[in-house]
>>> print(open('work.txt').read())   # compact mmCIF, C-alpha atoms
# COMPACT_ATOMS: atom_id res chain seq x y z
CA MET A 1 0.00 0.00 0.00
CA HIS A 2 2.78 2.36 0.99
CA SER A 3 4.36 2.41 -2.46
CA LEU A 4 0.90 2.94 -4.01
CA PHE A 5 0.34 5.97 -1.76
CA VAL A 6 3.78 7.34 -2.61
CA TRP A 7 3.14 6.83 -6.33
CA LEU A 8 -0.20 8.65 -6.06
CA GLU A 9 1.11 11.49 -3.90
CA THR A 10 4.06 12.19 -6.17
CA SER A 11 1.91 12.23 -9.33
CA SER A 12 1.52 15.68 -10.85
CA PHE A 13 -2.28 15.60 -10.50
CA SER A 14 -2.05 14.86 -6.80
CA VAL A 15 0.53 17.60 -6.34
CA TRP A 16 -1.76 20.02 -8.20
CA VAL A 17 -4.73 19.17 -5.97
CA ARG A 18 -2.65 19.73 -2.85
CA GLU A 19 -0.44 22.62 -3.78
CA SER A 20 -2.16 24.67 -6.45
CA THR A 21 -2.84 28.13 -5.11
CA SER A 22 -5.62 28.66 -7.62
CA VAL A 23 -9.03 29.17 -6.08
CA PHE A 24 -10.35 26.80 -8.74
CA ALA A 25 -8.30 23.91 -7.40
CA PHE A 26 -8.77 22.61 -3.85
CA PRO A 27 -11.31 25.20 -2.69
CA THR A 28 -13.57 24.65 -5.71
CA ILE A 29 -13.30 20.86 -5.47
CA LEU A 30 -14.45 21.17 -1.86
CA ALA A 31 -17.26 23.53 -2.86
CA LEU A 32 -18.54 21.09 -5.50
CA HIS A 33 -18.32 18.27 -2.95
CA THR A 34 -20.43 20.33 -0.52
CA ILE A 35 -23.04 21.30 -3.15
CA GLY A 36 -23.47 17.63 -4.14
CA MET A 37 -23.77 16.73 -0.47
CA GLY A 38 -26.38 19.42 0.07
CA ALA A 39 -28.44 18.12 -2.83
CA VAL A 40 -28.28 14.47 -1.72
CA ALA A 41 -28.76 14.97 2.00
CA GLY A 42 -31.24 17.83 1.69
CA ILE A 43 -33.62 16.41 -0.89
CA SER A 44 -33.49 12.92 0.60
CA ALA A 45 -34.13 14.44 4.04
CA ALA A 46 -37.24 16.21 2.72
CA ILE A 47 -38.53 12.99 1.12
CA ASN A 48 -37.65 10.88 4.18
CA LEU A 49 -39.30 13.29 6.60
CA ARG A 50 -42.44 13.27 4.43
CA ILE A 51 -42.44 9.44 4.42
CA LEU A 52 -42.22 9.53 8.21
CA GLY A 53 -45.37 11.65 8.26
CA VAL A 54 -44.16 15.23 8.56
CA ALA A 55 -46.19 17.73 6.47
CA PRO A 56 -48.66 15.07 5.22
CA GLN A 57 -50.34 17.55 2.87
CA VAL A 58 -47.40 17.26 0.49
CA PRO A 59 -48.28 14.63 -2.13
CA LEU A 60 -45.63 11.96 -1.77
CA LEU A 61 -45.82 9.98 -5.01
CA GLU A 62 -44.79 12.83 -7.29
CA LEU A 63 -41.73 13.64 -5.13
CA LYS A 64 -40.08 10.71 -6.90
CA ARG A 65 -39.36 13.15 -9.74
CA PHE A 66 -36.67 14.75 -7.59
CA PHE A 67 -34.61 11.57 -7.41
CA PRO A 68 -32.57 12.48 -10.52
CA ILE A 69 -31.29 15.53 -8.64
CA ILE A 70 -30.25 13.25 -5.78
CA TRP A 71 -28.29 11.05 -8.19
CA ILE A 72 -26.68 14.08 -9.91
CA GLY A 73 -25.64 15.40 -6.50
CA PHE A 74 -24.23 12.02 -5.56
CA TRP A 75 -22.09 11.77 -8.70
CA LEU A 76 -20.87 15.35 -8.20
CA SER A 77 -19.75 14.45 -4.68
CA ALA A 78 -18.34 11.11 -5.80
CA ALA A 79 -16.27 12.68 -8.57
CA SER A 80 -14.99 15.52 -6.39
CA GLY A 81 -14.42 13.00 -3.61
CA VAL A 82 -12.19 10.88 -5.83
CA VAL A 83 -10.16 13.98 -6.70
CA LEU A 84 -9.78 14.78 -2.99
CA LEU A 85 -8.74 11.18 -2.38
CA ILE A 86 -6.05 11.42 -5.06
CA GLY A 87 -4.77 14.54 -3.29
CA TYR A 88 -4.56 12.93 0.12
CA PRO A 89 -4.67 9.14 -0.26
CA THR A 90 -2.69 8.33 2.88
CA LYS A 91 -4.67 10.73 5.06
CA ALA A 92 -7.98 9.21 3.99
CA LEU A 93 -7.13 5.52 3.66
CA THR A 94 -5.31 5.25 7.01
CA ASN A 95 -8.17 6.94 8.87
CA PRO A 96 -10.95 4.69 10.21
CA VAL A 97 -13.31 7.69 10.10
CA PHE A 98 -13.04 7.61 6.29
CA TYR A 99 -14.17 4.00 6.09
CA THR A 100 -17.04 4.78 8.45
CA LYS A 101 -18.09 7.59 6.10
CA LEU A 102 -17.98 5.26 3.08
CA GLY A 103 -20.06 2.75 5.03
CA PHE A 104 -22.71 5.36 5.80
CA ILE A 105 -22.77 6.45 2.15
CA ALA A 106 -23.13 2.87 0.89
CA LEU A 107 -25.98 2.10 3.29
CA GLY A 108 -27.60 5.45 2.54
CA LEU A 109 -27.54 4.75 -1.19
CA ILE A 110 -29.00 1.27 -0.68
CA ALA A 111 -31.79 2.75 1.44
CA LEU A 112 -32.51 5.49 -1.13
CA ARG A 113 -32.58 2.98 -3.96
CA ALA A 114 -34.98 0.78 -2.02
CA ILE A 115 -37.18 3.79 -1.30
CA ARG A 116 -37.20 4.79 -4.96
CA HIS A 117 -37.91 1.34 -6.35
CA ARG A 118 -40.10 -0.20 -3.63
CA VAL A 119 -41.84 2.49 -1.60
CA PHE A 120 -42.56 4.66 -4.62
CA ARG A 121 -43.76 1.68 -6.66
CA ASP A 122 -46.99 1.58 -4.65
CA PRO A 123 -49.59 3.70 -6.52
CA SER A 124 -51.73 4.01 -3.38
CA LEU A 125 -48.90 5.77 -1.56
CA ASP A 126 -50.84 8.99 -1.06
CA SER A 127 -54.03 7.32 0.25
CA GLY A 128 -52.76 6.80 3.80
CA PRO A 129 -49.70 6.60 6.02
CA VAL A 130 -46.71 4.86 4.51
CA PRO A 131 -46.37 1.17 5.51
CA PRO A 132 -43.85 0.41 8.30
CA ARG A 133 -41.21 -0.98 5.95
CA GLY A 134 -41.09 2.30 4.04
CA ARG A 135 -40.84 4.30 7.26
CA LEU A 136 -37.98 2.12 8.45
CA LEU A 137 -36.10 2.73 5.21
CA ALA A 138 -36.72 6.48 5.50
CA ALA A 139 -35.45 6.56 9.09
CA ALA A 140 -32.40 4.49 8.14
CA SER A 141 -31.68 6.78 5.21
CA LEU A 142 -31.85 9.86 7.46
CA VAL A 143 -29.45 8.29 9.96
CA CYS A 144 -27.04 7.29 7.19
CA TRP A 145 -26.82 10.74 5.60
CA VAL A 146 -26.48 12.47 8.98
CA GLY A 147 -23.71 9.99 9.71
CA ALA A 148 -22.04 10.59 6.35
CA ILE A 149 -22.03 14.36 6.91
CA ALA A 150 -20.76 14.14 10.48
CA THR A 151 -17.96 11.69 9.67
CA GLY A 152 -17.10 13.77 6.63
CA ARG A 153 -16.63 16.84 8.81
CA PHE A 154 -14.65 14.93 11.43
CA LEU A 155 -12.31 13.76 8.67
CA ALA A 156 -11.03 17.30 8.51
CA TYR A 157 -10.02 17.13 12.16
CA THR A 158 -8.62 13.63 12.51
CA TYR A 159 -5.85 11.72 10.85
CA VAL A 160 -3.46 8.90 11.64
CA LEU A 161 -0.93 9.54 8.89
CA LEU A 162 -0.93 12.66 6.72
CA MET A 163 1.28 11.60 3.84
CA SER A 164 3.52 8.77 2.73
CA ALA A 165 5.73 10.74 0.35
CA MET B 1 -15.34 50.92 8.53
CA GLU B 2 -12.14 49.59 10.02
CA ALA B 3 -12.81 51.16 13.40
CA SER B 4 -16.23 49.52 13.43
CA GLN B 5 -14.63 46.22 12.55
CA ILE B 6 -12.17 46.54 15.43
CA TRP B 7 -15.04 47.32 17.79
CA LEU B 8 -17.12 44.44 16.42
CA VAL B 9 -14.31 41.90 16.87
CA ARG B 10 -13.75 43.02 20.44
CA THR B 11 -17.47 42.91 21.29
CA LEU B 12 -18.01 39.51 19.69
CA ALA B 13 -14.97 38.06 21.49
CA THR B 14 -16.27 39.33 24.83
CA LEU B 15 -19.74 37.92 24.11
CA GLY B 16 -18.17 34.60 23.26
CA LYS B 17 -16.40 34.38 26.58
CA VAL B 18 -19.36 35.63 28.62
CA THR B 19 -21.82 33.18 27.02
CA LEU B 20 -19.30 30.32 27.41
CA VAL B 21 -19.57 29.66 23.66
CA SER B 22 -15.82 30.15 23.11
CA PRO B 23 -14.72 27.73 25.86
CA PHE B 24 -17.06 25.10 24.41
CA MET B 25 -15.87 25.65 20.84
CA GLN B 26 -12.24 25.41 21.95
CA THR B 27 -12.68 21.90 23.37
CA ARG B 28 -11.41 18.93 21.32
CA TRP B 29 -14.74 18.17 19.62
CA GLY B 30 -16.62 21.41 20.10
CA TRP B 31 -15.81 23.03 16.77
CA PRO B 32 -16.19 19.86 14.61
CA THR B 33 -19.56 19.12 16.22
CA CYS B 34 -20.80 22.66 15.59
CA GLU B 35 -19.57 22.41 12.00
CA SER B 36 -21.34 19.10 11.43
CA ILE B 37 -24.61 20.65 12.63
CA HIS B 38 -23.91 23.65 10.34
CA PHE B 39 -23.60 21.27 7.36
CA LEU B 40 -26.78 19.41 8.33
CA GLY B 41 -28.60 22.74 8.49
CA LEU B 42 -27.27 23.75 5.07
CA SER B 43 -28.45 20.42 3.62
CA LEU B 44 -31.97 20.93 4.94
CA LEU B 45 -32.01 24.55 3.76
CA PHE B 46 -30.57 23.88 0.31
CA GLY B 47 -32.53 20.68 -0.30
CA THR B 48 -35.97 22.09 0.43
CA ILE B 49 -35.36 25.42 -1.29
CA ALA B 50 -33.87 23.67 -4.33
CA MET B 51 -36.94 21.43 -4.62
CA PHE B 52 -39.26 24.44 -4.50
CA ASP B 53 -37.14 26.50 -6.92
CA LEU B 54 -36.84 23.59 -9.36
CA ARG B 55 -40.63 23.17 -9.35
CA LEU B 56 -41.03 26.87 -10.16
CA LEU B 57 -38.56 26.36 -13.01
CA GLY B 58 -40.72 23.53 -14.36
CA MET B 59 -39.43 20.32 -12.82
CA ALA B 60 -41.83 17.71 -11.37
CA LYS B 61 -44.83 19.59 -12.75
CA ARG B 62 -47.32 17.13 -11.29
CA VAL B 63 -46.64 18.45 -7.79
CA PRO B 64 -48.87 21.42 -6.95
CA ILE B 65 -46.76 24.43 -5.97
CA ALA B 66 -48.70 25.19 -2.79
CA ALA B 67 -48.11 21.64 -1.56
CA LEU B 68 -44.34 21.83 -2.15
CA HIS B 69 -44.32 25.15 -0.34
CA ARG B 70 -45.09 23.19 2.84
CA LEU B 71 -41.49 21.99 2.83
CA ILE B 72 -40.23 25.53 3.27
CA PRO B 73 -40.62 25.57 7.09
CA TRP B 74 -37.97 22.84 7.20
CA GLY B 75 -35.75 25.07 5.11
CA ILE B 76 -36.33 27.80 7.66
CA LEU B 77 -35.37 25.32 10.40
CA GLY B 78 -32.15 24.60 8.52
CA PHE B 79 -31.46 28.32 8.10
CA SER B 80 -32.12 29.05 11.79
CA THR B 81 -29.79 26.21 12.78
CA ASN B 82 -27.10 27.76 10.62
CA VAL B 83 -27.61 31.25 12.02
CA LEU B 84 -27.14 29.73 15.49
CA THR B 85 -24.09 27.62 14.68
CA GLY B 86 -22.67 30.38 12.49
CA THR B 87 -22.93 32.81 15.40
CA MET B 88 -21.03 30.33 17.53
CA PHE B 89 -18.14 30.39 15.03
CA LEU B 90 -18.30 34.17 14.94
CA LEU B 91 -18.18 34.53 18.72
CA THR B 92 -15.17 32.21 19.02
CA GLU B 93 -12.86 33.57 16.31
CA PRO B 94 -14.41 36.89 15.28
CA ASP B 95 -11.31 38.31 13.57
CA GLN B 96 -11.18 35.32 11.22
CA TYR B 97 -14.59 36.32 9.86
CA ILE B 98 -14.89 40.10 10.24
CA TYR B 99 -11.72 40.61 8.18
CA ASN B 100 -12.36 37.72 5.80
CA PRO B 101 -13.44 38.80 2.29
CA ALA B 102 -15.05 35.40 1.65
CA PHE B 103 -17.19 36.03 4.73
CA HIS B 104 -18.13 39.50 3.49
CA PHE B 105 -19.34 38.02 0.20
CA LYS B 106 -21.07 35.13 1.96
CA MET B 107 -23.13 37.56 4.04
CA LEU B 108 -23.80 39.64 0.92
CA PHE B 109 -25.22 36.56 -0.81
CA VAL B 110 -27.31 35.63 2.25
CA ALA B 111 -28.73 39.17 2.21
CA SER B 112 -29.37 38.87 -1.54
CA ALA B 113 -31.22 35.61 -0.98
CA GLY B 114 -33.19 37.36 1.75
CA PHE B 115 -34.22 40.25 -0.51
CA ASN B 116 -35.12 37.75 -3.20
CA ILE B 117 -37.36 35.88 -0.76
CA LEU B 118 -39.01 39.18 0.17
CA ALA B 119 -39.61 39.96 -3.50
CA PHE B 120 -41.07 36.47 -3.94
CA TYR B 121 -43.61 36.81 -1.15
CA LEU B 122 -44.54 40.40 -1.98
CA LEU B 123 -44.82 40.07 -5.76
CA VAL B 124 -44.95 36.45 -6.92
CA PHE B 125 -46.36 34.19 -4.21
CA ARG B 126 -50.00 35.02 -4.73
CA GLN B 127 -49.76 34.13 -8.43
CA VAL B 128 -48.15 30.73 -7.91
CA VAL B 129 -50.20 29.46 -4.97
CA PRO B 130 -53.17 28.40 -7.11
CA ILE B 131 -50.97 26.61 -9.63
CA GLY B 132 -51.88 22.95 -9.41
CA ALA B 133 -50.60 19.77 -10.98
CA GLY B 134 -49.21 20.32 -14.48
CA GLY B 135 -49.24 24.12 -14.23
CA GLU B 136 -46.44 26.35 -15.45
CA ALA B 137 -45.19 29.14 -13.18
CA PRO B 138 -45.01 32.70 -14.57
CA ARG B 139 -41.71 34.16 -15.77
CA SER B 140 -41.36 36.32 -12.64
CA ALA B 141 -41.46 33.17 -10.53
CA LYS B 142 -38.77 31.55 -12.68
CA LEU B 143 -36.57 34.61 -12.26
CA VAL B 144 -36.93 34.54 -8.49
CA ALA B 145 -36.25 30.78 -8.45
CA SER B 146 -33.07 31.18 -10.52
CA VAL B 147 -31.77 34.01 -8.33
CA SER B 148 -32.53 31.88 -5.26
CA LEU B 149 -30.58 28.86 -6.54
CA ILE B 150 -27.61 30.99 -7.60
CA ALA B 151 -27.56 32.92 -4.32
CA TRP B 152 -27.65 29.87 -2.05
CA ILE B 153 -25.04 28.01 -4.13
CA ALA B 154 -22.86 31.12 -3.88
CA VAL B 155 -23.36 31.06 -0.09
CA ILE B 156 -22.13 27.46 0.02
CA VAL B 157 -19.14 28.25 -2.20
CA CYS B 158 -18.14 31.33 -0.17
CA GLY B 159 -18.52 29.27 2.98
CA ARG B 160 -16.10 26.69 1.63
CA TYR B 161 -13.71 29.43 0.54
CA LEU B 162 -13.56 30.95 4.04
CA THR B 163 -10.55 28.97 5.12
CA PHE B 164 -8.63 29.94 1.96
CA TYR B 165 -9.11 33.69 2.51
CA ARG B 166 -8.20 33.83 6.18
CA PRO B 167 -6.97 37.31 7.06
CA GLY B 168 -3.33 37.85 7.97
CA LEU B 169 -1.91 40.70 9.97
CA CYS B 170 -2.02 44.14 8.35
CA GLU B 171 1.35 45.64 7.57
CA GLY B 172 0.54 49.31 7.91
CA GLN B 173 -2.18 49.57 5.29
CA HIS B 174 -5.63 50.80 6.09
CA SER B 175 -8.59 50.40 3.77
CA PHE B 176 -12.29 51.13 3.87
CA LEU B 177 -13.26 47.54 4.60
CA SER B 178 -10.27 45.84 6.11
CA THR B 179 -9.36 42.34 4.95
CA CYS B 180 -6.43 41.97 7.31
CA ILE B 181 -6.12 42.07 11.08
CA PRO B 182 -4.96 45.53 12.19
>>> encode(input="work.txt", output="structure tokens")
Amino acid sequence: MHSLFVWLETSSFSVWVRESTSVFAFPTILALHTIGMGAVAGISAAINLRILGVAPQVPLLELKRFFPIIWIGFWLSAASGVVLLIGYPTKALTNPVFYTKLGFIALGLIALRAIRHRVFRDPSLDSGPVPPRGRLLAAASLVCWVGAIATGRFLAYTYVLLMSA
Amino acid sequence: MEASQIWLVRTLATLGKVTLVSPFMQTRWGWPTCESIHFLGLSLLFGTIAMFDLRLLGMAKRVPIAALHRLIPWGILGFSTNVLTGTMFLLTEPDQYIYNPAFHFKMLFVASAGFNILAFYLLVFRQVVPIGAGGEAPRSAKLVASVSLIAWIAVIVCGRYLTFYRPGLCEGQHSFLSTCIP
């Protein structure tokens, strides 16, 4: 692993991510990461809260049309996240907080996918409260994205090893 | 303005100590916890407002606009959370914000979003409330929605840029709005 980290960290792209003083480098990559995160966590939070019964006057079934924005946000964060990872591979991959974050993201995506393809498949969704399985998925999804955001922030304040090179 | 900035920094620092916000924020996990809550608040704010703005712009037309508007109180909850956590940052390290040009622009964009919201409720809201499933919002609504999305994205970007525009110590220069610590 060590030689892989060194190879990554000494690559010109990695050096650019870390050391470029341009505002369009690291700061903008972070900004894109945050915007994607806001889209995913925010829109899924609104849908999840509605599934759990908050603001029941909002028709639920048609909210499925906002899922494409969730996926766009996810890919924006994933792409910017990969770039950040190339900049600091050692810092991320030797930090257990990073793996916890990835775990939350994976579970959150699974929950969202299940909500999109199972909960929203029921055409009678708006005729009464959402069945318990759907509510469980919504609660799990909320927990996962809160966890992803919190661990993401704590990544900035914790590390085991900063760099290998 | 610089004299006002100096006064503001001193007052905020005192408030931070007196309210015990600074001692809390200076503990090992105080600041990261506050930041995490700040990001959760931004997600709630941005997510709900984006959904409403996108509907005004023509997305998910089958959702009646008045119904989607019921998500806005959660956006307000997110915004209030961020005003609270943001104030906690401000009380703990006031000079890092009061002299930070990224912070100046961030507040400018928050104010712009605020004026835009005012314009929406005063001029546009009444026209869009009756718009049901399948209805198209008027051009004024689309303008307000676009300004809203741009403003809040700019707030997020400026927020992320804060740490890259941290003010250093002034070396003798004085300007109208200081971006260094005198």
>>> interface_residues(input="work.txt", of="chain B", to="chain A", cutoff="7 Å", atoms="only C-alpha atoms", output="ChimeraX atom specification")
/B:32,36,40,42-44,46-48,60,62-63,67-68,70,156-157,160-161
>>> atom_distance(input="work.txt", atom1="atom CA of A:Arg121", atom2="atom CA of A:Leu137")
14.2 Å
>>> atom_distance(input="work.txt", atom1="atom CA of B:Phe115", atom2="atom CA of B:Ala145")
12.5 Å
>>> closest_residue(input="work.txt", among="B:Ser112, B:Gln127, B:Thr85, B:Gln96", to="B:Glu35", atoms="only C-alpha atoms")
B:Thr85
>>> residues_around(input="work.txt", residues="A:Leu107", least_positions_apart="3", cutoff="8 Å", atoms="only C-alpha atoms", output="PyMOL selection string")
chain A and resi 103-104+110-111+141+144
>>> closest_residue(input="work.txt", among="A:Ala106, A:Leu125, A:Thr10, A:Asn95", to="A:Phe74", atoms="only C-alpha atoms")
A:Ala106
>>> atom_distance(input="work.txt", atom1="atom CA of A:Val6", atom2="atom CA of A:Met163")
8.1 Å
>>> axis_aligned_box(input="work.txt", around="stretch 103-110 of chain A", padding_each_side="3 Å", output="JSON")
{"center_x": -24.5, "center_y": 3.9, "center_z": 2.3, "size_x": 14.9, "size_y": 11.2, "size_z": 13.0}
>>> residues_near_point(input="work.txt", point="(-6.1, 53.1, 12.2)", cutoff="10 Å", atoms="all atoms listed in the file", output="ChimeraX atom specification")
/B:2-3,6,172-175,182
>>> residues_near_point(input="work.txt", point="(-5.8, 9.9, -3.3)", cutoff="10 Å", atoms="all atoms listed in the file", output="PyMOL selection string")
chain A and resi 4-9+13-14+17+81-93
>>> closest_residue(input="work.txt", among="A:Pro68, A:Arg135, A:Glu19, A:Tyr159", to="A:Val97", atoms="only C-alpha atoms")
A:Tyr159
>>> closest_residue(input="work.txt", among="A:Met1, A:Val15, A:Leu76, A:Leu52", to="A:Leu136", atoms="only C-alpha atoms")
A:Leu52
>>> residues_around(input="work.txt", residues="B:Ala13", least_positions_apart="4", cutoff="9 Å", atoms="all atoms listed in the file", output="PyMOL selection string")
chain B and resi 8-9+17-18+22+90-95
>>> closest_residue(input="work.txt", among="A:Val130, A:Leu162, A:Ala25, A:Ile115", to="A:Leu142", atoms="all atoms listed in the file")
A:Ile115
>>> decode(input="work.txt", residues="stretch 44-81 of chain A", atoms="C-alpha atoms", output="short mmCIF file (atom, residue, chain, number, x, y, z; two decimals), in the first residue's frame")
data_model
loop_
_atom_site.label_atom_id
_atom_site.label_comp_id
_atom_site.auth_asym_id
_atom_site.auth_seq_id
_atom_site.Cartn_x
_atom_site.Cartn_y
_atom_site.Cartn_z
CA SER A 44 -33.49 12.92 0.60
CA ALA A 45 -34.13 14.44 4.04
CA ALA A 46 -37.24 16.21 2.72
CA ILE A 47 -38.53 12.99 1.12
CA ASN A 48 -37.65 10.88 4.18
CA LEU A 49 -39.30 13.29 6.60
CA ARG A 50 -42.44 13.27 4.43
CA ILE A 51 -42.44 9.44 4.42
CA LEU A 52 -42.22 9.53 8.21
CA GLY A 53 -45.37 11.65 8.26
CA VAL A 54 -44.16 15.23 8.56
CA ALA A 55 -46.19 17.73 6.47
CA PRO A 56 -48.66 15.07 5.22
CA GLN A 57 -50.34 17.55 2.87
CA VAL A 58 -47.40 17.26 0.49
CA PRO A 59 -48.28 14.63 -2.13
CA LEU A 60 -45.63 11.96 -1.77
CA LEU A 61 -45.82 9.98 -5.01
CA GLU A 62 -44.79 12.83 -7.29
CA LEU A 63 -41.73 13.64 -5.13
CA LYS A 64 -40.08 10.71 -6.90
CA ARG A 65 -39.36 13.15 -9.74
CA PHE A 66 -36.67 14.75 -7.59
CA PHE A 67 -34.61 11.57 -7.41
CA PRO A 68 -32.57 12.48 -10.52
CA ILE A 69 -31.29 15.53 -8.64
CA ILE A 70 -30.25 13.25 -5.78
CA TRP A 71 -28.29 11.05 -8.19
CA ILE A 72 -26.68 14.08 -9.91
CA GLY A 73 -25.64 15.40 -6.50
CA PHE A 74 -24.23 12.02 -5.56
CA TRP A 75 -22.09 11.77 -8.70
CA LEU A 76 -20.87 15.35 -8.20
CA SER A 77 -19.75 14.45 -4.68
CA ALA A 78 -18.34 11.11 -5.80
CA ALA A 79 -16.27 12.68 -8.57
CA SER A 80 -14.99 15.52 -6.39
CA GLY A 81 -14.42 13.00 -3.61
#
